[in-house]
>>> print(open('data-v1.json').read())   # JSON, C-alpha atoms and all ligand atoms
[["chain", "number", "residue", "atom", "x", "y", "z"],
["A", 1, "MET", "CA", 116.77, 115.26, 103.96],
["A", 2, "PHE", "CA", 113.78, 114.39, 106.08],
["A", 3, "SER", "CA", 110.58, 113.96, 104.12],
["A", 4, "LYS", "CA", 107.72, 116.42, 104.54],
["A", 5, "TYR", "CA", 105.22, 113.56, 104.36],
["A", 6, "PRO", "CA", 105.40, 109.97, 105.51],
["A", 7, "SER", "CA", 105.41, 107.39, 102.70],
["A", 8, "ASN", "CA", 102.36, 106.10, 100.87],
["A", 9, "LEU", "CA", 102.61, 102.32, 100.64],
["A", 10, "HIS", "CA", 99.14, 101.52, 99.34],
["A", 11, "THR", "CA", 98.22, 102.19, 95.72],
["A", 12, "HIS", "CA", 96.07, 100.56, 93.04],
["A", 13, "THR", "CA", 96.84, 100.89, 89.33],
["A", 14, "ASN", "CA", 94.58, 100.01, 86.43],
["A", 15, "LEU", "CA", 95.87, 96.45, 86.65],
["A", 16, "SER", "CA", 93.34, 96.10, 89.48],
["A", 17, "ASP", "CA", 90.76, 98.76, 90.37],
["A", 18, "GLY", "CA", 92.87, 101.92, 90.15],
["A", 19, "SER", "CA", 92.38, 104.45, 87.38],
["A", 20, "HIS", "CA", 95.89, 104.90, 85.96],
["A", 21, "PHE", "CA", 99.13, 103.21, 84.99],
["A", 22, "PHE", "CA", 102.18, 103.15, 87.30],
["A", 23, "GLU", "CA", 104.12, 106.24, 86.27],
["A", 24, "ASP", "CA", 101.05, 108.47, 86.47],
["A", 25, "TYR", "CA", 101.21, 108.05, 90.25],
["A", 26, "LEU", "CA", 104.96, 108.52, 90.60],
["A", 27, "MET", "CA", 104.98, 112.02, 89.09],
["A", 28, "PRO", "CA", 102.61, 113.56, 91.67],
["A", 29, "ALA", "CA", 104.25, 111.47, 94.41],
["A", 30, "ILE", "CA", 107.68, 112.94, 93.63],
["A", 31, "LYS", "CA", 106.16, 116.42, 93.32],
["A", 32, "SER", "CA", 104.54, 116.04, 96.76],
["A", 33, "GLY", "CA", 107.93, 115.25, 98.26],
["A", 34, "LEU", "CA", 107.27, 111.59, 99.05],
["A", 35, "LYS", "CA", 110.46, 109.59, 99.58],
["A", 36, "SER", "CA", 108.97, 106.16, 98.99],
["A", 37, "TYR", "CA", 105.96, 104.78, 97.18],
["A", 38, "ALA", "CA", 104.52, 101.26, 96.96],
["A", 39, "PHE", "CA", 102.25, 99.73, 94.35],
["A", 40, "THR", "CA", 99.92, 97.24, 96.00],
["A", 41, "ASP", "CA", 97.28, 96.09, 93.56],
["A", 42, "HIS", "CA", 94.65, 93.58, 94.67],
["A", 43, "ALA", "CA", 96.24, 90.13, 94.42],
["A", 44, "PRO", "CA", 94.50, 87.56, 92.22],
["A", 45, "ILE", "CA", 92.14, 85.35, 94.21],
["A", 46, "PRO", "CA", 91.80, 81.74, 93.04],
["A", 47, "LYS", "CA", 88.42, 80.09, 92.49],
["A", 48, "ILE", "CA", 86.23, 83.18, 92.78],
["A", 49, "GLU", "CA", 85.19, 85.97, 90.45],
["A", 50, "CYS", "CA", 86.74, 89.12, 91.91],
["A", 51, "HIS", "CA", 86.01, 92.21, 89.84],
["A", 52, "TRP", "CA", 88.56, 94.46, 91.54],
["A", 53, "CYS", "CA", 91.44, 91.94, 91.60],
["A", 54, "MET", "CA", 94.36, 91.64, 89.20],
["A", 55, "ASP", "CA", 94.23, 88.81, 86.65],
["A", 56, "ALA", "CA", 96.61, 86.03, 87.64],
["A", 57, "ASN", "CA", 98.21, 86.13, 84.19],
["A", 58, "LYS", "CA", 99.24, 89.79, 84.70],
["A", 59, "LEU", "CA", 101.24, 89.17, 87.86],
["A", 60, "ALA", "CA", 104.60, 88.63, 86.12],
["A", 61, "PHE", "CA", 104.20, 91.80, 84.02],
["A", 62, "TYR", "CA", 103.12, 93.74, 87.11],
["A", 63, "LYS", "CA", 106.25, 92.78, 89.00],
["A", 64, "GLN", "CA", 108.51, 93.37, 86.01],
["A", 65, "GLU", "CA", 107.10, 96.86, 85.44],
["A", 66, "ILE", "CA", 107.67, 97.86, 89.07],
["A", 67, "GLU", "CA", 111.25, 96.54, 88.97],
["A", 68, "PHE", "CA", 111.85, 98.69, 85.88],
["A", 69, "LEU", "CA", 110.48, 101.79, 87.65],
["A", 70, "LYS", "CA", 112.54, 101.08, 90.75],
["A", 71, "SER", "CA", 115.74, 101.56, 88.82],
["A", 72, "LYS", "CA", 114.40, 104.33, 86.56],
["A", 73, "TYR", "CA", 113.41, 106.50, 89.54],
["A", 74, "LYS", "CA", 116.03, 105.38, 92.05],
["A", 75, "ASN", "CA", 117.46, 108.87, 92.47],
["A", 76, "GLN", "CA", 114.05, 110.48, 92.98],
["A", 77, "ILE", "CA", 111.91, 108.09, 94.99],
["A", 78, "GLU", "CA", 112.13, 104.60, 96.45],
["A", 79, "VAL", "CA", 109.61, 102.45, 94.57],
["A", 80, "LEU", "CA", 108.39, 99.29, 96.27],
["A", 81, "SER", "CA", 106.59, 96.30, 94.81],
["A", 82, "GLY", "CA", 103.64, 95.00, 96.74],
["A", 83, "LEU", "CA", 100.22, 93.41, 96.80],
["A", 84, "GLU", "CA", 97.08, 93.84, 98.86],
["A", 85, "ILE", "CA", 96.03, 90.29, 99.66],
["A", 86, "ASP", "CA", 92.70, 89.12, 100.98],
["A", 87, "TYR", "CA", 92.16, 86.71, 103.80],
["A", 88, "ILE", "CA", 89.20, 84.45, 103.03],
["A", 89, "PRO", "CA", 89.41, 81.25, 105.08],
["A", 90, "GLY", "CA", 89.72, 78.20, 102.81],
["A", 91, "ILE", "CA", 90.33, 80.35, 99.71],
["A", 92, "ILE", "CA", 93.25, 82.73, 100.20],
["A", 93, "THR", "CA", 95.63, 83.98, 102.88],
["A", 94, "PRO", "CA", 98.48, 86.52, 102.57],
["A", 95, "LEU", "CA", 100.87, 83.58, 103.12],
["A", 96, "ASP", "CA", 99.97, 82.34, 99.63],
["A", 97, "TYR", "CA", 102.04, 85.18, 98.11],
["A", 98, "LYS", "CA", 105.10, 84.88, 100.34],
["A", 99, "LYS", "CA", 107.06, 83.01, 97.66],
["A", 100, "HIS", "CA", 106.54, 85.75, 95.07],
["A", 101, "GLU", "CA", 109.02, 87.96, 96.93],
["A", 102, "PHE", "CA", 107.32, 91.32, 96.81],
["A", 103, "ASP", "CA", 108.83, 94.09, 98.93],
["A", 104, "ILE", "CA", 105.66, 94.66, 100.88],
["A", 105, "LEU", "CA", 102.44, 92.73, 101.46],
["A", 106, "ILE", "CA", 99.23, 94.20, 102.86],
["A", 107, "GLY", "CA", 96.74, 91.83, 104.47],
["A", 108, "SER", "CA", 93.13, 93.03, 104.18],
["A", 109, "ILE", "CA", 89.58, 91.80, 104.47],
["A", 110, "HIS", "CA", 87.08, 92.78, 101.78],
["A", 111, "TYR", "CA", 84.83, 89.70, 101.92],
["A", 112, "LEU", "CA", 83.10, 87.65, 104.61],
["A", 113, "LYS", "CA", 82.51, 83.97, 103.92],
["A", 114, "LEU", "CA", 81.00, 81.48, 106.35],
["A", 115, "PRO", "CA", 82.65, 78.04, 106.54],
["A", 116, "ASP", "CA", 79.60, 76.10, 105.35],
["A", 117, "ASN", "CA", 78.55, 78.47, 102.56],
["A", 118, "ASN", "CA", 80.25, 79.63, 99.36],
["A", 119, "TYR", "CA", 78.49, 83.03, 99.35],
["A", 120, "LEU", "CA", 80.86, 86.00, 99.64],
["A", 121, "MET", "CA", 79.59, 89.10, 101.43],
["A", 122, "LYS", "CA", 81.24, 92.22, 100.01],
["A", 123, "LEU", "CA", 82.24, 94.76, 102.68],
["A", 124, "ASP", "CA", 83.78, 97.30, 100.36],
["A", 125, "SER", "CA", 81.54, 97.35, 97.31],
["A", 126, "LYS", "CA", 78.12, 99.00, 96.90],
["A", 127, "LEU", "CA", 75.79, 99.51, 99.84],
["A", 128, "GLU", "CA", 73.21, 97.16, 98.32],
["A", 129, "HIS", "CA", 75.81, 94.36, 98.19],
["A", 130, "PHE", "CA", 76.57, 94.88, 101.86],
["A", 131, "LYS", "CA", 72.86, 94.85, 102.75],
["A", 132, "GLU", "CA", 72.30, 91.70, 100.70],
["A", 133, "GLY", "CA", 75.14, 89.89, 102.48],
["A", 134, "LEU", "CA", 74.01, 91.06, 105.88],
["A", 135, "GLU", "CA", 70.56, 89.67, 105.25],
["A", 136, "TYR", "CA", 71.65, 86.44, 103.58],
["A", 137, "LEU", "CA", 74.51, 85.44, 105.88],
["A", 138, "PHE", "CA", 73.51, 87.05, 109.17],
["A", 139, "LYS", "CA", 69.71, 87.49, 108.93],
["A", 140, "ASN", "CA", 70.32, 91.23, 109.43],
["A", 141, "ASP", "CA", 71.87, 90.65, 112.83],
["A", 142, "TYR", "CA", 74.61, 93.25, 112.50],
["A", 143, "ARG", "CA", 76.24, 92.27, 115.76],
["A", 144, "LYS", "CA", 76.80, 88.75, 114.41],
["A", 145, "ALA", "CA", 78.36, 90.21, 111.25],
["A", 146, "ILE", "CA", 80.64, 92.50, 113.28],
["A", 147, "ASP", "CA", 81.63, 89.69, 115.68],
["A", 148, "TYR", "CA", 82.45, 87.50, 112.68],
["A", 149, "PHE", "CA", 84.45, 90.25, 110.95],
["A", 150, "PHE", "CA", 86.67, 90.73, 114.00],
["A", 151, "LYS", "CA", 87.03, 86.96, 114.46],
["A", 152, "ILE", "CA", 88.29, 86.65, 110.86],
["A", 153, "THR", "CA", 90.54, 89.67, 111.36],
["A", 154, "ALA", "CA", 92.11, 88.01, 114.43],
["A", 155, "GLU", "CA", 92.60, 84.80, 112.41],
["A", 156, "MET", "CA", 94.37, 86.74, 109.66],
["A", 157, "ILE", "CA", 96.68, 88.46, 112.16],
["A", 158, "ASN", "CA", 97.50, 85.14, 113.83],
["A", 159, "ILE", "CA", 98.25, 83.42, 110.51],
["A", 160, "GLY", "CA", 100.42, 86.37, 109.41],
["A", 161, "GLY", "CA", 102.47, 86.46, 106.22],
["A", 162, "PHE", "CA", 102.01, 90.20, 105.61],
["A", 163, "ASP", "CA", 103.85, 93.38, 106.60],
["A", 164, "ILE", "CA", 100.96, 95.84, 106.86],
["A", 165, "ALA", "CA", 97.47, 95.28, 108.25],
["A", 166, "GLY", "CA", 95.11, 97.05, 105.83],
["A", 167, "HIS", "CA", 92.03, 99.05, 106.93],
["A", 168, "VAL", "CA", 91.57, 96.84, 110.00],
["A", 169, "ASP", "CA", 88.06, 98.01, 110.89],
["A", 170, "LYS", "CA", 86.65, 98.13, 107.35],
["A", 171, "VAL", "CA", 83.36, 96.68, 108.62],
["A", 172, "LYS", "CA", 82.54, 100.08, 110.10],
["A", 173, "MET", "CA", 82.18, 101.63, 106.63],
["A", 174, "TYR", "CA", 78.59, 100.53, 106.05],
["A", 175, "ILE", "CA", 77.77, 99.63, 109.66],
["A", 176, "GLY", "CA", 78.50, 103.27, 110.54],
["A", 177, "LEU", "CA", 76.06, 104.34, 107.84],
["A", 178, "LEU", "CA", 73.28, 101.86, 108.64],
["A", 179, "PHE", "CA", 73.63, 101.36, 112.41],
["A", 180, "PRO", "CA", 75.87, 104.17, 113.71],
["A", 181, "LYS", "CA", 75.04, 103.47, 117.35],
["A", 182, "ALA", "CA", 76.66, 100.02, 117.07],
["A", 183, "LEU", "CA", 80.09, 101.66, 116.87],
["A", 184, "HIS", "CA", 79.70, 103.12, 120.36],
["A", 185, "THR", "CA", 78.54, 100.01, 122.22],
["A", 186, "ASP", "CA", 80.68, 98.32, 124.88],
["A", 187, "TRP", "CA", 80.93, 95.16, 122.83],
["A", 188, "TYR", "CA", 82.16, 97.06, 119.75],
["A", 189, "LEU", "CA", 84.75, 98.93, 121.79],
["A", 190, "GLU", "CA", 85.90, 95.59, 123.20],
["A", 191, "HIS", "CA", 86.49, 94.36, 119.64],
["A", 192, "GLU", "CA", 88.50, 97.50, 118.96],
["A", 193, "TYR", "CA", 90.65, 97.02, 122.03],
["A", 194, "ASN", "CA", 91.24, 93.29, 121.46],
["A", 195, "THR", "CA", 92.14, 93.86, 117.81],
["A", 196, "ALA", "CA", 94.48, 96.74, 118.68],
["A", 197, "ARG", "CA", 96.24, 94.58, 121.27],
["A", 198, "LEU", "CA", 96.59, 91.64, 118.90],
["A", 199, "LEU", "CA", 98.02, 93.89, 116.19],
["A", 200, "VAL", "CA", 100.60, 95.33, 118.56],
["A", 201, "GLU", "CA", 101.58, 91.87, 119.86],
["A", 202, "SER", "CA", 101.97, 90.59, 116.28],
["A", 203, "GLY", "CA", 104.47, 93.33, 115.44],
["A", 204, "VAL", "CA", 102.92, 94.16, 112.04],
["A", 205, "PHE", "CA", 102.65, 97.70, 110.76],
["A", 206, "VAL", "CA", 99.10, 99.02, 111.00],
["A", 207, "GLU", "CA", 98.10, 101.46, 108.31],
["A", 208, "ILE", "CA", 96.11, 104.58, 109.04],
["A", 209, "ASN", "CA", 94.08, 104.49, 105.83],
["A", 210, "THR", "CA", 92.62, 107.81, 104.66],
["A", 211, "ARG", "CA", 90.44, 106.43, 101.85],
["A", 212, "GLY", "CA", 87.19, 106.35, 103.84],
["A", 213, "ILE", "CA", 87.53, 110.08, 104.45],
["A", 214, "TYR", "CA", 88.05, 111.19, 100.87],
["A", 215, "LYS", "CA", 85.31, 108.90, 99.65],
["A", 216, "GLY", "CA", 83.05, 110.81, 102.04],
["A", 217, "LEU", "CA", 82.09, 107.58, 103.79],
["A", 218, "SER", "CA", 83.59, 108.44, 107.16],
["A", 219, "ASP", "CA", 84.99, 111.41, 109.02],
["A", 220, "ALA", "CA", 87.70, 109.19, 110.47],
["A", 221, "PRO", "CA", 90.35, 106.99, 108.91],
["A", 222, "TYR", "CA", 90.59, 103.22, 109.26],
["A", 223, "PRO", "CA", 91.16, 102.29, 112.03],
["A", 224, "SER", "CA", 89.15, 104.61, 114.28],
["A", 225, "TRP", "CA", 90.87, 107.37, 116.25],
["A", 226, "ASN", "CA", 90.19, 105.30, 119.35],
["A", 227, "MET", "CA", 92.14, 102.33, 117.94],
["A", 228, "ILE", "CA", 94.92, 104.55, 116.62],
["A", 229, "LYS", "CA", 95.45, 105.99, 120.09],
["A", 230, "GLN", "CA", 95.39, 102.53, 121.69],
["A", 231, "ILE", "CA", 97.87, 101.12, 119.17],
["A", 232, "SER", "CA", 100.22, 104.07, 119.68],
["A", 233, "ASP", "CA", 99.93, 103.88, 123.50],
["A", 234, "MET", "CA", 100.67, 100.15, 123.45],
["A", 235, "GLY", "CA", 103.82, 100.69, 121.37],
["A", 236, "GLY", "CA", 102.41, 99.51, 118.04],
["A", 237, "LYS", "CA", 103.76, 100.52, 114.66],
["A", 238, "LEU", "CA", 101.47, 102.87, 112.77],
["A", 239, "ILE", "CA", 102.05, 104.10, 109.22],
["A", 240, "LEU", "CA", 100.00, 106.43, 107.02],
["A", 241, "ASN", "CA", 98.57, 105.20, 103.70],
["A", 242, "ALA", "CA", 96.19, 106.82, 101.22],
["A", 243, "ASP", "CA", 94.93, 103.60, 99.53],
["A", 244, "THR", "CA", 95.27, 105.56, 96.31],
["A", 245, "HIS", "CA", 93.12, 104.67, 93.28],
["A", 246, "ASP", "CA", 93.76, 107.86, 91.33],
["A", 247, "PRO", "CA", 96.91, 110.02, 90.86],
["A", 248, "GLN", "CA", 95.17, 112.96, 92.55],
["A", 249, "GLY", "CA", 95.07, 110.94, 95.76],
["A", 250, "VAL", "CA", 98.76, 110.15, 96.29],
["A", 251, "ILE", "CA", 98.66, 112.05, 99.61],
["A", 252, "GLY", "CA", 94.87, 112.15, 99.96],
["A", 253, "PHE", "CA", 93.92, 113.72, 103.32],
["A", 254, "TYR", "CA", 97.50, 113.42, 104.66],
["A", 255, "ASN", "CA", 97.55, 117.01, 105.94],
["A", 256, "GLU", "CA", 94.24, 116.66, 107.79],
["A", 257, "VAL", "CA", 95.11, 113.30, 109.34],
["A", 258, "LEU", "CA", 98.63, 114.39, 110.33],
["A", 259, "ASN", "CA", 97.15, 117.44, 112.08],
["A", 260, "THR", "CA", 94.64, 115.30, 113.96],
["A", 261, "LEU", "CA", 97.36, 112.81, 114.97],
["A", 262, "LYS", "CA", 99.30, 115.75, 116.42],
["A", 263, "SER", "CA", 96.26, 117.08, 118.25],
["A", 264, "LYS", "CA", 95.71, 113.62, 119.75],
["A", 265, "LYS", "CA", 99.27, 113.65, 121.04],
["A", 266, "ILE", "CA", 100.46, 110.68, 119.00],
["A", 267, "PRO", "CA", 104.24, 111.25, 119.21],
["A", 268, "PHE", "CA", 105.28, 109.48, 116.00],
["A", 269, "ILE", "CA", 104.34, 107.03, 113.29],
["A", 270, "PHE", "CA", 106.64, 105.12, 110.92],
["A", 271, "THR", "CA", 107.72, 105.81, 107.37],
["A", 272, "ARG", "CA", 110.02, 104.27, 104.73],
["A", 273, "GLN", "CA", 113.10, 106.20, 103.84],
["A", 274, "ASN", "CA", 116.42, 105.05, 102.34],
["A", 275, "ARG", "CA", 115.13, 101.47, 102.29],
["A", 276, "GLN", "CA", 114.54, 101.45, 106.03],
["A", 277, "TRP", "CA", 111.67, 101.90, 108.43],
["A", 278, "ILE", "CA", 112.23, 105.02, 110.46],
["A", 279, "LYS", "CA", 110.19, 107.08, 112.89],
["A", 280, "TYR", "CA", 108.30, 110.04, 111.52],
["A", 281, "TYR", "CA", 107.87, 112.51, 114.39],
["A", 282, "LEU", "CA", 104.65, 114.46, 114.42],
["B", 301, "ZN", "ZN", 91.46, 97.22, 100.64],
["B", 302, "ZN", "ZN", 93.51, 99.04, 98.73]]
>>> encode(input="data-v1.json", output="structure tokens")
Amino acid sequence: MFSKYPSNLHTHTNLSDGSHFFEDYLMPAIKSGLKSYAFTDHAPIPKIECHWCMDANKLAFYKQEIEFLKSKYKNQIEVLSGLEIDYIPGIITPLDYKKHEFDILIGSIHYLKLPDNNYLMKLDSKLEHFKEGLEYLFKNDYRKAIDYFFKITAEMINIGGFDIAGHVDKVKMYIGLLFPKALHTDWYLEHEYNTARLLVESGVFVEINTRGIYKGLSDAPYPSWNMIKQISDMGGKLILNADTHDPQGVIGFYNEVLNTLKSKKIPFIFTRQNRQWIKYYL
């Protein structure tokens, strides 16, 4: 039977910064009619103190627990093992986890680090952390920060090693709040276009991430509607993910985003069903 909703392949448990343990997410996922569900906690990052990442010594247990749930729930939902892995040049790339053989890897950027400086600017933490990084690393020149974010994003895509590109324009979260006009400039739109093109050429799945909406930080998903349309028009592979941190959010804002995708004449996205990637027609 065809699924009512496309899969959710982006979830955090309390082994990283989610609120609950694995099975607490699977119950509402099955109830919602999802056919596949991936756990993708924040991968451990060596050398740095990452408060939202999994401890390296929990990785084996994490994988073991998911394998157990895969067989326990095999008649109800396809469970996938995964990680959300940062790209921080010189510290971590998604390629570092290739050998661990997870079903699905998400490549994401949560930090900006300049080559000659160990300071890590947090893009996804509190507003004051973002402001502090913007001042310290970029002397409050937000264009420089945005240019650098998209440069690092392009590097990550070119290096590869992941299946899904996570929230590819995350930088807009606080930029949109502090300098909303920046998101409508020609140079910003050029970044959007170039990133969309690179993503399509790379062949990775690009998630439409609803988390910004339900956190009240944005009225659009990541990436922007503009990028979503470009990626679809260029033949790219879009999927829908809720970036779930709480069992209530297993299909957070799916209905709203699916309706908007339809209204924007996006013909289809992709979903996981019966261990395959298939088209989900809108
Ligand atoms: Zn993330
Ligand atoms: Zn996430």
>>> residues_around(input="data-v1.json", residues="Gly203 (chain A)", least_positions_apart="6", cutoff="9 Å", atoms="only C-alpha atoms", output="list in words")
Asp163, Gly236 and Lys237 of chain A
>>> residues_near_ligand(input="data-v1.json", ligand="ligand ZN 301 (chain B)", cutoff="7 Å", atoms="all atoms listed in the file", output="JSON, numbers by chain")
{"A": [84, 108, 109, 110, 166, 167]}
>>> closest_residue(input="data-v1.json", among="A:Gly90, A:Gly212, A:Gly82, A:Gly176", to="Val257 (chain A)", atoms="all atoms listed in the file")
A:Gly212
>>> residues_around(input="data-v1.json", residues="Tyr148 (chain A)", least_positions_apart="6", cutoff="10 Å", atoms="only C-alpha atoms", output="CSV table (one decimal) with C-alpha atoms, in the coordinates of the input")
chain,number,residue,atom,x,y,z
A,112,LEU,CA,83.1,87.6,104.6
A,113,LYS,CA,82.5,84.0,103.9
A,114,LEU,CA,81.0,81.5,106.4
A,138,PHE,CA,73.5,87.0,109.2
A,142,TYR,CA,74.6,93.2,112.5
A,154,ALA,CA,92.1,88.0,114.4
>>> residues_near_ligand(input="data-v1.json", ligand="ligand ZN 302 (chain B)", cutoff="7 Å", atoms="all atoms listed in the file", output="list in words")
His10, Thr11, His12, His42, Glu84 and Asp243 of chain A
>>> atom_distance(input="data-v1.json", atom1="CA of Ile157 (chain A)", atom2="CA of Asn194 (chain A)")
11.8 Å
>>> residues_around(input="data-v1.json", residues="Ala220 (chain A)", least_positions_apart="6", cutoff="12 Å", atoms="all atoms listed in the file", output="number ranges by chain")
A: 167, 169-170, 172-173, 176, 208-214, 226-228, 253, 256-257, 260-261
>>> closest_residue(input="data-v1.json", among="A:Leu120, A:Val171, A:Lys126, A:Gly160", to="Lys144 (chain A)", atoms="all atoms listed in the file")
A:Val171
>>> atom_distance(input="data-v1.json", atom1="CA of Glu190 (chain A)", atom2="CA of Val204 (chain A)")
20.4 Å
>>> closest_residue(input="data-v1.json", among="A:Trp225, A:Phe179, A:Phe149, A:Phe39", to="Ser81 (chain A)", atoms="all atoms listed in the file")
A:Phe39
>>> residues_around(input="data-v1.json", residues="Glu65 (chain A)", least_positions_apart="3", cutoff="12 Å", atoms="all atoms listed in the file", output="JSON, numbers by chain")
{"A": [13, 15, 21, 22, 23, 39, 58, 59, 60, 61, 62, 68, 69, 70, 71, 72, 79, 80, 81, 82]}
